[in-house]
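**Q** What follows is upload-v4.cif; its format and atoms are mmCIF, C-alpha atoms and all ligand atoms.
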data_upload
loop_
_atom_site.label_atom_id
_atom_site.label_comp_id
_atom_site.auth_asym_id
_atom_site.auth_seq_id
_atom_site.Cartn_x
_atom_site.Cartn_y
_atom_site.Cartn_z
CA MET A 687 0.00 0.00 0.00
CA ALA A 688 2.59 2.51 1.05
CA LEU A 689 5.17 3.58 3.51
CA VAL A 690 3.33 3.89 6.82
CA TYR A 691 6.14 4.50 9.27
CA ALA A 692 9.67 5.91 9.12
CA GLY A 693 12.03 6.24 12.05
CA VAL A 694 15.57 5.82 13.29
CA CYS A 695 17.16 4.35 16.38
CA SER A 696 20.51 3.34 17.80
CA HIS A 697 21.81 -0.23 17.51
CA ALA A 698 24.96 -0.39 19.62
CA PRO A 699 25.58 -3.84 21.13
CA GLY A 700 26.07 -2.36 24.59
CA ILE A 701 22.37 -1.36 24.64
CA THR A 702 21.56 -4.98 25.39
CA GLY A 703 24.96 -6.53 26.14
CA ARG A 704 26.03 -4.03 28.80
CA ALA A 705 22.53 -3.06 29.99
CA ASP A 706 23.37 -3.66 33.65
CA ARG A 707 26.26 -1.20 33.58
CA ALA A 708 24.26 1.93 32.66
CA ASP A 709 22.45 4.41 34.90
CA PRO A 710 19.13 2.54 35.29
CA ASP A 711 17.02 5.72 35.08
CA VAL A 712 18.50 6.92 31.79
CA ARG A 713 18.53 3.41 30.35
CA ASP A 714 14.90 2.74 31.23
CA ARG A 715 13.74 6.01 29.66
CA PHE A 716 15.59 4.97 26.51
CA TYR A 717 13.98 1.53 26.56
CA ALA A 718 10.58 3.19 27.05
CA ALA A 719 11.16 5.23 23.88
CA PHE A 720 11.80 1.95 22.04
CA ASP A 721 8.50 0.65 23.48
CA ASP A 722 6.69 3.71 22.12
CA MET A 723 8.29 3.13 18.74
CA ARG A 724 7.09 -0.47 18.76
CA ALA A 725 3.56 0.72 19.54
CA ALA A 726 3.69 3.33 16.78
CA ILE A 727 4.78 0.74 14.21
CA GLN A 728 1.92 -1.48 15.32
CA ASP A 729 -0.58 1.38 15.24
CA ALA A 730 0.52 2.18 11.71
CA GLY A 731 -0.52 -1.34 10.74
CA ALA A 732 2.88 -2.25 9.34
CA GLU A 733 2.92 -5.62 7.58
CA ALA A 734 6.68 -5.65 7.08
CA ILE A 735 9.60 -3.73 8.53
CA VAL A 736 12.55 -2.66 6.40
CA VAL A 737 15.58 -2.26 8.65
CA ILE A 738 18.33 -0.19 7.05
CA ALA A 739 21.42 -0.98 9.05
CA ALA A 740 25.12 -0.50 8.81
CA GLU A 741 26.35 -3.97 9.58
CA HIS A 742 29.77 -4.72 10.97
CA PHE A 743 31.47 -7.40 8.88
CA ALA A 744 28.85 -10.03 9.65
CA ASN A 745 27.85 -10.86 6.08
CA PHE A 746 29.81 -8.45 3.91
CA PHE A 747 33.56 -8.09 3.78
CA MET A 748 36.15 -6.29 1.70
CA ASP A 749 36.47 -9.28 -0.64
CA ASN A 750 33.18 -8.25 -2.26
CA MET A 751 31.67 -5.25 -0.52
CA PRO A 752 28.33 -3.91 -1.76
CA SER A 753 27.52 -0.26 -1.09
CA PHE A 754 23.84 -1.18 -0.83
CA ALA A 755 22.31 -4.58 -0.21
CA ILE A 756 18.84 -5.94 0.55
CA GLY A 757 17.91 -9.35 1.89
CA MET A 758 15.69 -11.61 -0.19
CA ALA A 759 14.93 -14.61 2.01
CA ASP A 760 11.99 -16.07 3.91
CA PHE A 761 13.91 -16.13 7.19
CA TYR A 762 17.01 -14.70 8.82
CA ASP A 763 18.94 -16.08 11.78
CA GLY A 764 20.76 -14.19 14.45
CA PRO A 765 22.51 -12.95 16.34
CA ILE A 766 25.80 -13.70 14.63
CA GLU A 767 27.59 -12.52 17.79
CA ASP A 768 27.86 -14.67 20.87
CA PRO A 769 24.31 -14.54 22.35
CA GLY A 770 25.71 -14.14 25.86
CA TRP A 771 27.92 -11.24 24.80
CA LEU A 772 25.00 -9.47 23.12
CA ALA A 773 22.42 -10.65 25.68
CA ILE A 774 20.05 -11.59 22.85
CA ASP A 775 19.06 -15.22 22.48
CA GLU A 776 19.38 -16.97 19.15
CA PHE A 777 16.37 -16.24 16.97
CA ARG A 778 14.91 -16.79 13.54
CA ALA A 779 13.20 -13.68 12.17
CA PRO A 780 10.62 -14.08 9.43
CA GLY A 781 11.32 -12.51 6.06
CA ASN A 782 9.22 -12.20 2.94
CA ARG A 783 11.13 -13.27 -0.14
CA ASP A 784 8.42 -12.26 -2.55
CA LEU A 785 8.03 -8.78 -1.07
CA SER A 786 11.81 -8.36 -1.03
CA ARG A 787 11.97 -9.26 -4.67
CA ARG A 788 9.33 -6.70 -5.64
CA LEU A 789 11.02 -3.96 -3.60
CA ILE A 790 14.46 -4.78 -4.99
CA THR A 791 13.16 -4.84 -8.54
CA GLU A 792 11.69 -1.37 -8.18
CA ILE A 793 14.76 0.03 -6.39
CA MET A 794 16.98 -1.27 -9.19
CA GLU A 795 15.30 1.16 -11.55
CA THR A 796 17.49 3.87 -10.06
CA VAL A 797 20.00 2.28 -7.63
CA ASP A 798 22.26 -0.72 -8.22
CA VAL A 799 21.49 -2.68 -5.09
CA ALA A 800 22.97 -6.09 -4.29
CA TYR A 801 20.60 -8.76 -3.04
CA ALA A 802 21.34 -11.52 -0.57
CA GLU A 803 19.38 -14.75 -0.13
CA GLU A 804 21.32 -15.45 3.06
CA TRP A 805 21.84 -12.96 5.83
CA ARG A 806 22.71 -13.44 9.46
CA PHE A 807 21.70 -10.51 11.60
CA ASP A 808 24.31 -8.80 13.72
CA HIS A 809 23.61 -6.24 16.43
CA GLY A 810 22.86 -3.59 13.78
CA ILE A 811 19.53 -5.30 13.18
CA ALA A 812 19.20 -7.63 16.17
CA VAL A 813 19.29 -4.90 18.84
CA PRO A 814 16.50 -2.81 17.25
CA LEU A 815 14.38 -5.93 16.57
CA HIS A 816 14.86 -7.06 20.16
CA PHE A 817 12.84 -3.97 21.15
CA LEU A 818 10.64 -3.41 18.10
CA THR A 819 9.47 -6.95 17.31
CA PRO A 820 10.47 -8.92 20.39
CA ALA A 821 8.32 -11.89 19.35
CA PHE A 822 9.77 -11.88 15.82
CA ASP A 823 6.27 -11.87 14.39
CA LEU A 824 6.68 -9.13 11.78
CA PRO A 825 8.42 -9.94 8.47
CA VAL A 826 11.78 -8.18 8.24
CA ILE A 827 13.44 -6.91 5.08
CA PRO A 828 17.08 -6.24 5.95
CA ALA A 829 18.95 -3.56 4.05
CA ASN A 830 22.56 -2.58 4.42
CA ILE A 831 24.61 0.46 3.58
CA ASN A 832 28.36 -0.05 3.78
CA CYS A 833 29.50 2.32 6.53
CA GLN A 834 32.49 0.25 7.67
CA GLY A 835 34.99 -0.46 4.91
CA PRO A 836 35.97 2.60 2.85
CA PRO A 837 35.58 3.63 0.13
CA LEU A 838 31.99 4.28 1.14
CA ALA A 839 29.18 5.38 -1.14
CA PRO A 840 28.83 9.18 -1.06
CA LEU A 841 26.04 10.60 1.06
CA HIS A 842 23.98 11.67 -1.92
CA ARG A 843 23.86 8.04 -3.03
CA ALA A 844 22.51 7.04 0.41
CA TRP A 845 19.89 9.71 -0.20
CA ALA A 846 19.08 8.27 -3.63
CA PHE A 847 18.79 4.83 -2.04
CA GLY A 848 16.23 6.20 0.42
CA GLU A 849 14.24 7.84 -2.37
CA ALA A 850 14.23 4.59 -4.32
CA LEU A 851 13.12 2.69 -1.24
CA ARG A 852 10.19 5.09 -0.76
CA ARG A 853 9.15 4.69 -4.38
CA ALA A 854 9.36 0.92 -3.99
CA ALA A 855 7.40 0.89 -0.72
CA ASP A 856 4.67 2.97 -2.31
CA SER A 857 4.50 0.54 -5.24
CA VAL A 858 3.56 -2.58 -3.25
CA PRO A 859 0.19 -3.41 -1.64
CA GLU A 860 1.72 -4.11 1.78
CA ARG A 861 2.02 -1.49 4.52
CA ILE A 862 5.72 -0.89 5.06
CA ALA A 863 7.63 0.48 8.04
CA VAL A 864 11.21 1.68 7.53
CA ILE A 865 13.74 1.95 10.34
CA GLY A 866 17.25 3.31 9.98
CA THR A 867 19.69 2.15 12.62
CA GLY A 868 23.11 3.33 13.62
CA GLY A 869 25.01 5.77 15.65
CA ILE A 870 25.39 9.43 15.13
CA SER A 871 28.78 10.44 16.54
CA HIS A 872 30.62 7.57 18.19
CA TRP A 873 33.93 5.72 18.31
CA PRO A 874 32.67 2.16 18.80
CA ALA A 875 34.91 -0.76 19.67
CA THR A 876 38.02 1.43 19.89
CA PRO A 877 39.95 2.73 22.93
CA ASP A 878 37.71 5.82 22.64
CA SER A 879 34.54 3.75 22.98
CA GLY A 880 32.09 5.84 24.99
CA LYS A 881 33.15 9.15 23.48
CA ILE A 882 30.11 11.01 22.09
CA ASN A 883 30.00 14.47 20.51
CA GLU A 884 26.65 15.60 21.87
CA PRO A 885 26.56 19.07 20.22
CA TRP A 886 27.37 17.45 16.86
CA ASP A 887 24.61 14.90 17.40
CA ARG A 888 22.05 17.54 18.33
CA ASP A 889 22.92 19.64 15.29
CA PHE A 890 22.62 16.57 13.07
CA LEU A 891 19.25 15.64 14.59
CA ASP A 892 18.04 19.20 14.05
CA ARG A 893 18.85 18.90 10.34
CA TRP A 894 17.25 15.44 10.31
CA CYS A 895 14.01 16.70 11.90
CA ARG A 896 13.80 19.58 9.45
CA ASN A 897 14.44 16.96 6.77
CA ASP A 898 16.70 19.50 5.14
CA ARG A 899 18.33 17.65 2.25
CA ASP A 900 21.01 20.25 1.59
CA ALA A 901 21.97 20.46 5.26
CA LEU A 902 22.01 16.67 5.62
CA LEU A 903 24.23 16.24 2.57
CA ASP A 904 26.55 19.02 3.72
CA TYR A 905 28.94 16.60 5.42
CA ASP A 906 32.04 14.87 4.15
CA ASP A 907 33.68 11.77 5.57
CA THR A 908 36.93 13.54 6.52
CA THR A 909 35.09 16.01 8.75
CA VAL A 910 32.66 13.38 10.00
CA TYR A 911 35.60 11.19 10.98
CA ALA A 912 37.33 14.04 12.82
CA GLU A 913 34.24 15.28 14.65
CA ALA A 914 32.01 12.23 14.94
CA GLY A 915 34.36 9.24 14.72
CA GLN A 916 34.29 6.31 12.34
CA GLY A 917 30.88 5.47 13.83
CA GLY A 918 29.63 8.73 12.32
CA PHE A 919 29.82 7.14 8.88
CA GLU A 920 26.57 5.42 9.88
CA ILE A 921 24.64 8.68 9.35
CA ARG A 922 24.03 7.15 5.91
CA THR A 923 21.22 5.04 7.37
CA PHE A 924 19.59 8.13 8.92
CA LEU A 925 19.94 9.99 5.61
CA ALA A 926 18.29 7.16 3.69
CA VAL A 927 15.29 7.29 6.04
CA ALA A 928 15.14 11.09 5.70
CA ALA A 929 15.00 10.69 1.93
CA ALA A 930 12.33 7.98 2.24
CA ALA A 931 10.25 10.35 4.38
CA ALA A 932 10.17 12.74 1.41
CA GLY A 933 10.16 16.02 3.29
CA ALA A 934 8.02 15.00 6.25
CA PRO A 935 8.95 16.69 9.54
CA GLY A 936 10.64 14.61 12.23
CA THR A 937 10.61 14.42 16.01
CA VAL A 938 13.31 13.22 18.39
CA HIS A 939 11.55 11.14 21.04
CA PHE A 940 14.70 10.33 22.98
CA TYR A 941 18.32 11.39 22.89
CA ALA A 942 20.90 10.94 25.61
CA PRO A 943 24.58 10.03 25.60
CA ILE A 944 25.08 6.77 27.51
CA PRO A 945 28.84 6.21 27.52
CA ILE A 946 28.77 2.51 28.47
CA PHE A 947 26.47 1.98 25.45
CA ALA A 948 29.10 3.85 23.39
CA VAL A 949 26.59 6.06 21.58
CA GLY A 950 24.19 8.97 21.95
CA CYS A 951 21.09 6.83 22.32
CA THR A 952 18.43 7.98 19.90
CA VAL A 953 14.84 7.24 18.97
CA ALA A 954 13.22 9.52 16.37
CA SER A 955 10.55 9.35 13.72
CA TYR A 956 8.95 11.22 10.85
CA GLU A 957 5.28 12.06 10.50
CA ILE A 958 4.34 10.02 7.49
CA ASP A 959 0.97 11.26 6.26
CA PRO A 960 -1.80 10.38 5.93
CA VAL A 961 -1.47 6.83 7.19
CA GLY A 962 1.57 7.17 9.42
CA PRO A 963 1.75 7.26 13.21
CA SER A 964 0.37 10.25 15.03
CA THR A 965 2.24 11.52 18.05
CA HIS A 966 4.23 8.69 19.53
CA MET B 1043 51.89 -6.06 6.07
CA SER B 1044 48.74 -7.92 5.19
CA LEU B 1045 46.07 -6.24 7.26
CA TYR B 1046 43.51 -7.42 4.75
CA TYR B 1047 44.25 -11.10 5.46
CA VAL B 1048 44.44 -10.60 9.22
CA GLN B 1049 40.95 -9.13 9.08
CA LYS B 1050 39.77 -11.76 6.59
CA PHE B 1051 40.78 -14.49 9.02
CA LEU B 1052 39.03 -12.78 11.93
CA TYR B 1053 35.92 -12.15 9.83
CA GLU B 1054 35.73 -15.85 8.95
CA LEU B 1055 36.51 -16.90 12.52
CA ASN B 1056 33.73 -14.70 13.88
CA ARG B 1057 31.22 -16.28 11.49
CA ASP B 1058 32.19 -19.92 11.59
CA PRO B 1059 31.88 -22.19 14.66
CA ALA B 1060 33.90 -24.93 12.91
CA LEU B 1061 36.79 -22.52 12.34
CA LYS B 1062 36.57 -21.50 16.00
CA ASP B 1063 36.94 -25.15 16.97
CA ALA B 1064 39.89 -25.56 14.61
CA TYR B 1065 41.49 -22.41 15.99
CA GLY B 1066 41.02 -23.78 19.49
CA ALA B 1067 42.71 -27.04 18.51
CA ASP B 1068 45.69 -25.62 16.58
CA ARG B 1069 46.02 -21.85 16.25
CA PHE B 1070 48.96 -22.01 13.87
CA ALA B 1071 47.49 -24.58 11.50
CA VAL B 1072 44.32 -22.58 10.83
CA LEU B 1073 46.37 -19.55 9.84
CA GLU B 1074 48.36 -21.34 7.15
CA PRO B 1075 46.00 -20.56 4.25
CA TYR B 1076 46.32 -16.81 4.94
CA GLU B 1077 49.12 -14.55 3.71
CA LEU B 1078 50.46 -13.35 7.05
CA THR B 1079 53.73 -11.99 8.42
CA ASP B 1080 55.33 -13.56 11.49
CA GLU B 1081 54.25 -10.54 13.53
CA GLU B 1082 50.65 -11.03 12.45
CA VAL B 1083 50.75 -14.74 13.28
CA THR B 1084 52.08 -13.89 16.73
CA ALA B 1085 49.33 -11.33 17.25
CA LEU B 1086 46.64 -13.83 16.28
CA THR B 1087 47.99 -16.78 18.24
CA GLU B 1088 49.01 -15.15 21.54
CA PRO B 1089 46.50 -13.44 21.17
CA ASP B 1090 47.82 -9.88 21.43
CA ILE B 1091 44.76 -7.60 21.22
CA GLY B 1092 46.87 -4.45 21.56
CA LEU B 1093 49.12 -5.48 18.68
CA LEU B 1094 46.14 -6.35 16.48
CA TYR B 1095 44.67 -2.92 17.16
CA HIS B 1096 48.03 -1.29 16.43
CA LEU B 1097 48.20 -3.20 13.14
CA GLY B 1098 44.87 -1.62 12.22
CA VAL B 1099 42.28 -4.35 12.75
CA ASN B 1100 38.79 -2.84 12.78
CA GLY B 1101 37.32 -2.90 16.27
CA GLN B 1102 34.04 -4.26 14.93
CA ILE B 1103 35.96 -7.41 14.06
CA LEU B 1104 38.44 -7.32 16.93
CA MET B 1105 35.87 -7.04 19.74
CA HIS B 1106 34.42 -10.45 18.84
CA PHE B 1107 37.88 -12.01 18.81
CA ALA B 1108 38.42 -10.56 22.29
CA ALA B 1109 35.06 -11.94 23.43
CA LEU B 1110 36.02 -15.35 22.05
CA HIS B 1111 39.00 -15.23 24.40
CA HIS B 1112 36.72 -14.23 27.30
CA ILE B 1113 38.29 -10.79 27.52
CA GLU B 1114 35.82 -8.57 29.36
CA TRP B 1115 34.78 -5.24 27.76
CA THR B 1116 36.74 -2.82 29.97
CA ASP B 1117 39.79 -5.07 29.71
CA TYR B 1118 39.37 -5.15 25.91
CA LEU B 1119 39.43 -1.34 25.76
CA GLN B 1120 42.48 -1.25 28.04
CA ARG B 1121 44.38 -3.79 25.95
CA MET B 1122 43.94 -1.59 22.89
CA ARG B 1123 45.26 1.42 24.83
CA ASP B 1124 48.17 -0.65 26.07
CA GLY B 1125 48.88 -1.71 22.49
CA ILE B 1126 49.14 1.90 21.41
CA THR B 1127 51.48 2.61 24.32
CA ALA B 1128 53.65 -0.40 23.58
CA TYR B 1129 53.72 -0.34 19.78
CA GLY B 1130 52.77 3.20 18.78
CA PRO B 1131 49.82 4.68 16.86
CA VAL B 1132 47.63 2.55 14.61
CA ARG B 1133 49.73 1.70 11.57
CA GLU B 1134 47.09 1.32 8.90
CA GLY B 1135 43.33 1.37 8.50
CA VAL B 1136 40.65 3.76 9.67
CA TYR B 1137 41.70 4.69 13.21
CA ALA B 1138 43.33 7.68 14.82
CA VAL B 1139 43.71 8.36 18.55
CA THR B 1140 41.48 11.23 19.66
CA GLY B 1141 41.86 11.44 23.43
CA TYR B 1142 38.95 10.46 25.67
CA GLU B 1143 38.51 10.58 29.43
CA GLY B 1144 36.93 7.12 29.58
CA VAL B 1145 33.44 5.81 30.19
CA ASP B 1146 33.24 6.20 33.98
CA GLU B 1147 34.52 9.77 34.10
CA HIS B 1148 32.30 10.70 31.14
CA ALA B 1149 29.19 9.19 32.78
CA ALA B 1150 29.93 11.01 36.03
CA LYS B 1151 30.27 14.29 34.12
CA LEU B 1152 26.80 13.68 32.65
CA GLY B 1153 25.43 13.19 36.16
CA HIS B 1154 24.66 9.52 35.60
CA ARG B 1155 24.42 7.26 38.59
CA GLY B 1156 26.26 3.99 38.49
CA PRO B 1157 24.41 0.74 37.86
CA ALA B 1158 22.42 -0.65 40.75
CA ALA B 1159 24.88 -2.14 43.21
CA PRO B 1160 24.63 -5.89 43.70
CA GLU B 1161 22.88 -6.76 46.95
CA GLU B 1162 24.99 -7.45 50.00
CA GLY B 1163 25.94 -11.06 50.34
CA ASP B 1164 25.55 -11.85 46.60
FE FE A 1201 27.07 0.29 14.09
#
Would you mind writing the file out in structure tokens?
**A**
Amino acid sequence: MALVYAGVCSHAPGITGRADRADPDVRDRFYAAFDDMRAAIQDAGAEAIVVIAAEHFANFFMDNMPSFAIGMADFYDGPIEDPGWLAIDEFRAPGNRDLSRRLITEIMETVDVAYAEEWRFDHGIAVPLHFLTPAFDLPVIPANINCQGPPLAPLHRAWAFGEALRRAADSVPERIAVIGTGGISHWPATPDSGKINEPWDRDFLDRWCRNDRDALLDYDDTTVYAEAGQGGFEIRTFLAVAAAAAGAPGTVHFYAPIPIFAVGCTVASYEIDPVGPSTH
Amino acid sequence: MSLYYVQKFLYELNRDPALKDAYGADRFAVLEPYELTDEEVTALTEPDIGLLYHLGVNGQILMHFAALHHIEWTDYLQRMRDGITAYGPVREGVYAVTGYEGVDEHAAKLGHRGPAAPEEGD
């Protein structure tokens, strides 16, 4: 039928794996924002959830690295990490191969996207799903933007990917939710893990909420790296969702740096009219 | 220098339980198919997390290798710092040192309370 929901959230493995080491008050408010997002996706009547993530060498490596990839399978297993380390039990998430194929076919009209009939979810998808579809009862369409192994696709291509995804979502009869996952500024898995550039994050989120294409594309990887760390490359997933929202205004429902989670923890969404969520 | 193959091995190890078993049984034998220097073999067999970080291994790959060796998170971060102290700045790859006060000091600055303390007697 159309895109019915568009949002973004963090996916850092510490959110689940190091849950007991955070300030419980801040953590629980963050988890509550995830709960609201789950309710909003349900209220929107989503029949499938496209998760645009920036995976971390779980399925894709520098031997054959796609800039953009979409899963095309009837199920996906995870987590690829040690379940104890991530504190997420092994799961099998439902997919929808036929829906994937229709979306991919439409996206290919303007973006050369790789497809994958096998895909094991890492924390980039598993952490958001743990909160958003805890029973794994909503078909998932995984999408990936290479944000790890440079050279990376330029930001305007991530934007074009988001536009193509919107066109594709609007071309199928199903009601589609889209979630972008990743960090804003962060230095994950390095000695600087926990460092967060909060002013940079808030400025980025302001541009994101205004859905200001020019302002969102006015970054380059050299500056992003210097000011927002290598984790900042993941803004590509947020940009793709902004493009998919096609000018809709956004709201940040939660933002707070949680150093032990190694990211400024974020939950935000766009007002997708007329069938999108209201005020969650 | 063959950072690519060091990371390729770790990528495959992270994904493949059978390779983990083989690595557990004979660390040197599993490395033979990869184009590695002696220094890289040492780093992967010791294992020397600090040296691997210095060589430029991406933390998204390295953190799972550390977890495989039951290296706890804070210890993992410290081993990378120690590697920089011992061997110098990251030689190749995407990382630069930026300076950071550390998680606990940062959280305190934000006014966060610590996690709930375990109950007495636990
Ligand atoms: Fe990430």
**Q** Do a neighbour search on segment 798-806 of chain A at 10 Å with all atoms listed in the file, toss out local chain neighbours closer than 5 positions, and write the hits as a ChimeraX atom specification.
**A** /A:744-746,751-767,778-779,783,786-787,790-791,793,811-812,828-831,847 /B:1057
**Q** Within 10 Å of ligand FE 1201 (chain A), which residues of chain A show up? Give each one with its shortest atom-to-atom distance in Å (one decimal) and the two atoms involved, counting only C-alpha atoms and all ligand atoms, rows by chain then rising residue number, as a Markdown table.
**A**
| residue | atom | partner | partner_atom | distance |
| --- | --- | --- | --- | --- |
| A:Ser696 | CA | A:FE1201 | FE | 8.1 |
| A:His697 | CA | A:FE1201 | FE | 6.3 |
| A:Ala698 | CA | A:FE1201 | FE | 6.0 |
| A:Pro699 | CA | A:FE1201 | FE | 8.3 |
| A:Ala739 | CA | A:FE1201 | FE | 7.7 |
| A:Ala740 | CA | A:FE1201 | FE | 5.7 |
| A:Glu741 | CA | A:FE1201 | FE | 6.2 |
| A:His742 | CA | A:FE1201 | FE | 6.5 |
| A:Asp808 | CA | A:FE1201 | FE | 9.5 |
| A:His809 | CA | A:FE1201 | FE | 7.8 |
| A:Gly810 | CA | A:FE1201 | FE | 5.7 |
| A:Ile811 | CA | A:FE1201 | FE | 9.4 |
| A:Cys833 | CA | A:FE1201 | FE | 8.2 |
| A:Gln834 | CA | A:FE1201 | FE | 8.4 |
| A:Thr867 | CA | A:FE1201 | FE | 7.8 |
| A:Gly868 | CA | A:FE1201 | FE | 5.0 |
| A:Gly869 | CA | A:FE1201 | FE | 6.1 |
| A:Ile870 | CA | A:FE1201 | FE | 9.4 |
| A:His872 | CA | A:FE1201 | FE | 9.1 |
| A:Trp873 | CA | A:FE1201 | FE | 9.7 |
| A:Pro874 | CA | A:FE1201 | FE | 7.6 |
| A:Ala875 | CA | A:FE1201 | FE | 9.7 |
| A:Gln916 | CA | A:FE1201 | FE | 9.6 |
| A:Gly917 | CA | A:FE1201 | FE | 6.4 |
| A:Gly918 | CA | A:FE1201 | FE | 9.0 |
| A:Phe919 | CA | A:FE1201 | FE | 9.0 |
| A:Glu920 | CA | A:FE1201 | FE | 6.7 |
| A:Ile921 | CA | A:FE1201 | FE | 9.9 |
| A:Val949 | CA | A:FE1201 | FE | 9.5 |
**Q** Please measure the separation of atom CA of Asp959 of chain A and atom CA of Ala934 of chain A, giving the value in Å to one decimal.
**A**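 Separation between atom CA of Asp959 of chain A and atom CA of Ala934 of chain A: 8.0 Å.
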**Q** Give as a PDB file with C-alpha atoms, in the coordinates of the input every residue of chain B that touches chain A within 9 Å, counting all atoms listed in the file.
**A**
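Okay, part_3.pdb is ready:
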ATOM      1  CA  TYR B1046      43.510  -7.420   4.750  1.00  0.00           C
ATOM      2  CA  LYS B1050      39.770 -11.760   6.590  1.00  0.00           C
ATOM      3  CA  TYR B1053      35.920 -12.150   9.830  1.00  0.00           C
ATOM      4  CA  ASN B1056      33.730 -14.700  13.880  1.00  0.00           C
ATOM      5  CA  ARG B1057      31.220 -16.280  11.490  1.00  0.00           C
ATOM      6  CA  TYR B1095      44.670  -2.920  17.160  1.00  0.00           C
ATOM      7  CA  ASN B1100      38.790  -2.840  12.780  1.00  0.00           C
ATOM      8  CA  GLY B1101      37.320  -2.900  16.270  1.00  0.00           C
ATOM      9  CA  GLN B1102      34.040  -4.260  14.930  1.00  0.00           C
ATOM     10  CA  ILE B1103      35.960  -7.410  14.060  1.00  0.00           C
ATOM     11  CA  LEU B1104      38.440  -7.320  16.930  1.00  0.00           C
ATOM     12  CA  MET B1105      35.870  -7.040  19.740  1.00  0.00           C
ATOM     13  CA  HIS B1106      34.420 -10.450  18.840  1.00  0.00           C
ATOM     14  CA  ALA B1109      35.060 -11.940  23.430  1.00  0.00           C
ATOM     15  CA  LEU B1110      36.020 -15.350  22.050  1.00  0.00           C
ATOM     16  CA  TRP B1115      34.780  -5.240  27.760  1.00  0.00           C
ATOM     17  CA  TYR B1118      39.370  -5.150  25.910  1.00  0.00           C
ATOM     18  CA  LEU B1119      39.430  -1.340  25.760  1.00  0.00           C
ATOM     19  CA  GLN B1120      42.480  -1.250  28.040  1.00  0.00           C
ATOM     20  CA  ARG B1121      44.380  -3.790  25.950  1.00  0.00           C
ATOM     21  CA  MET B1122      43.940  -1.590  22.890  1.00  0.00           C
ATOM     22  CA  ARG B1123      45.260   1.420  24.830  1.00  0.00           C
ATOM     23  CA  VAL B1136      40.650   3.760   9.670  1.00  0.00           C
ATOM     24  CA  TYR B1137      41.700   4.690  13.210  1.00  0.00           C
ATOM     25  CA  ALA B1138      43.330   7.680  14.820  1.00  0.00           C
ATOM     26  CA  VAL B1139      43.710   8.360  18.550  1.00  0.00           C
ATOM     27  CA  THR B1140      41.480  11.230  19.660  1.00  0.00           C
ATOM     28  CA  GLY B1141      41.860  11.440  23.430  1.00  0.00           C
ATOM     29  CA  TYR B1142      38.950  10.460  25.670  1.00  0.00           C
ATOM     30  CA  GLU B1143      38.510  10.580  29.430  1.00  0.00           C
ATOM     31  CA  GLY B1144      36.930   7.120  29.580  1.00  0.00           C
ATOM     32  CA  VAL B1145      33.440   5.810  30.190  1.00  0.00           C
ATOM     33  CA  ASP B1146      33.240   6.200  33.980  1.00  0.00           C
ATOM     34  CA  HIS B1148      32.300  10.700  31.140  1.00  0.00           C
ATOM     35  CA  ALA B1149      29.190   9.190  32.780  1.00  0.00           C
ATOM     36  CA  LEU B1152      26.800  13.680  32.650  1.00  0.00           C
ATOM     37  CA  HIS B1154      24.660   9.520  35.600  1.00  0.00           C
ATOM     38  CA  ARG B1155      24.420   7.260  38.590  1.00  0.00           C
ATOM     39  CA  GLY B1156      26.260   3.990  38.490  1.00  0.00           C
ATOM     40  CA  PRO B1157      24.410   0.740  37.860  1.00  0.00           C
ATOM     41  CA  ALA B1158      22.420  -0.650  40.750  1.00  0.00           C
TER      42      ALA B1158
END
**Q** For segment 1073-1083 of chain B, I'd like the enclosing box, axis-aligned and padded by 6 Å on every side, reported as lines of an AutoDock Vina configuration file with centre and edge lengths in Å to one decimal.
**A**
center_x = 50.7
center_y = -15.9
center_z = 8.6
size_x = 21.3
size_y = 22.8
size_z = 21.8
**Q** Would you pick out the contacts of Glu792 of chain A at 9 Å or less, using all atoms listed in the file, so that residues sharing its chain but fewer than 3 positions from it are not included, and give the list as a list in words?
**A**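 My reading of the contact set: Arg787, Arg788, Leu789, Glu795, Thr796, Ala850, Leu851, Arg853, Ala854, Ala855 and Ser857 of chain A.
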**Q** Just how far from atom CA of Phe817 of chain A is atom CA of Asp892 of chain A, in Å to one decimal?
**A**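 Between atom CA of Asp892 of chain A and atom CA of Phe817 of chain A the gap is 24.8 Å.
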**Q** For segment 1067-1078 of chain B, list every protein, DNA or RNA residue within 8 Å, evaluated using only C-alpha atoms, and leave out those in the same chain fewer than 4 positions away; present the list as a CSV table (one decimal) with C-alpha atoms, in the frame of the given file.
**A**
chain,number,residue,atom,x,y,z
B,1043,MET,CA,51.9,-6.1,6.1
B,1044,SER,CA,48.7,-7.9,5.2
B,1047,TYR,CA,44.2,-11.1,5.5
B,1048,VAL,CA,44.4,-10.6,9.2
B,1051,PHE,CA,40.8,-14.5,9.0
B,1061,LEU,CA,36.8,-22.5,12.3
B,1063,ASP,CA,36.9,-25.2,17.0
B,1082,GLU,CA,50.6,-11.0,12.4
B,1083,VAL,CA,50.8,-14.7,13.3
B,1087,THR,CA,48.0,-16.8,18.2
**Q** Using atom CA of Arg861 of chain A and atom CA of Tyr691 of chain A as the two end points, give the distance in Å to one decimal.
**A**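 Answer for the atom CA of Arg861 of chain A to atom CA of Tyr691 of chain A separation: 8.7 Å.
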**Q** Tell me which protein, DNA and RNA residues are within 12 Å of Leu903 of chain A, counting all atoms listed in the file, leaving out same-chain ones fewer than 6 positions away, and put them as a list in words.
**A** Pro840, Leu841, His842, Arg843, Ala844, Trp845, Ala846, Phe890, Arg893, Trp894, Asn897, Val910, Ile921, Arg922, Phe924, Leu925, Ala926, Ala928 and Ala929 of chain A
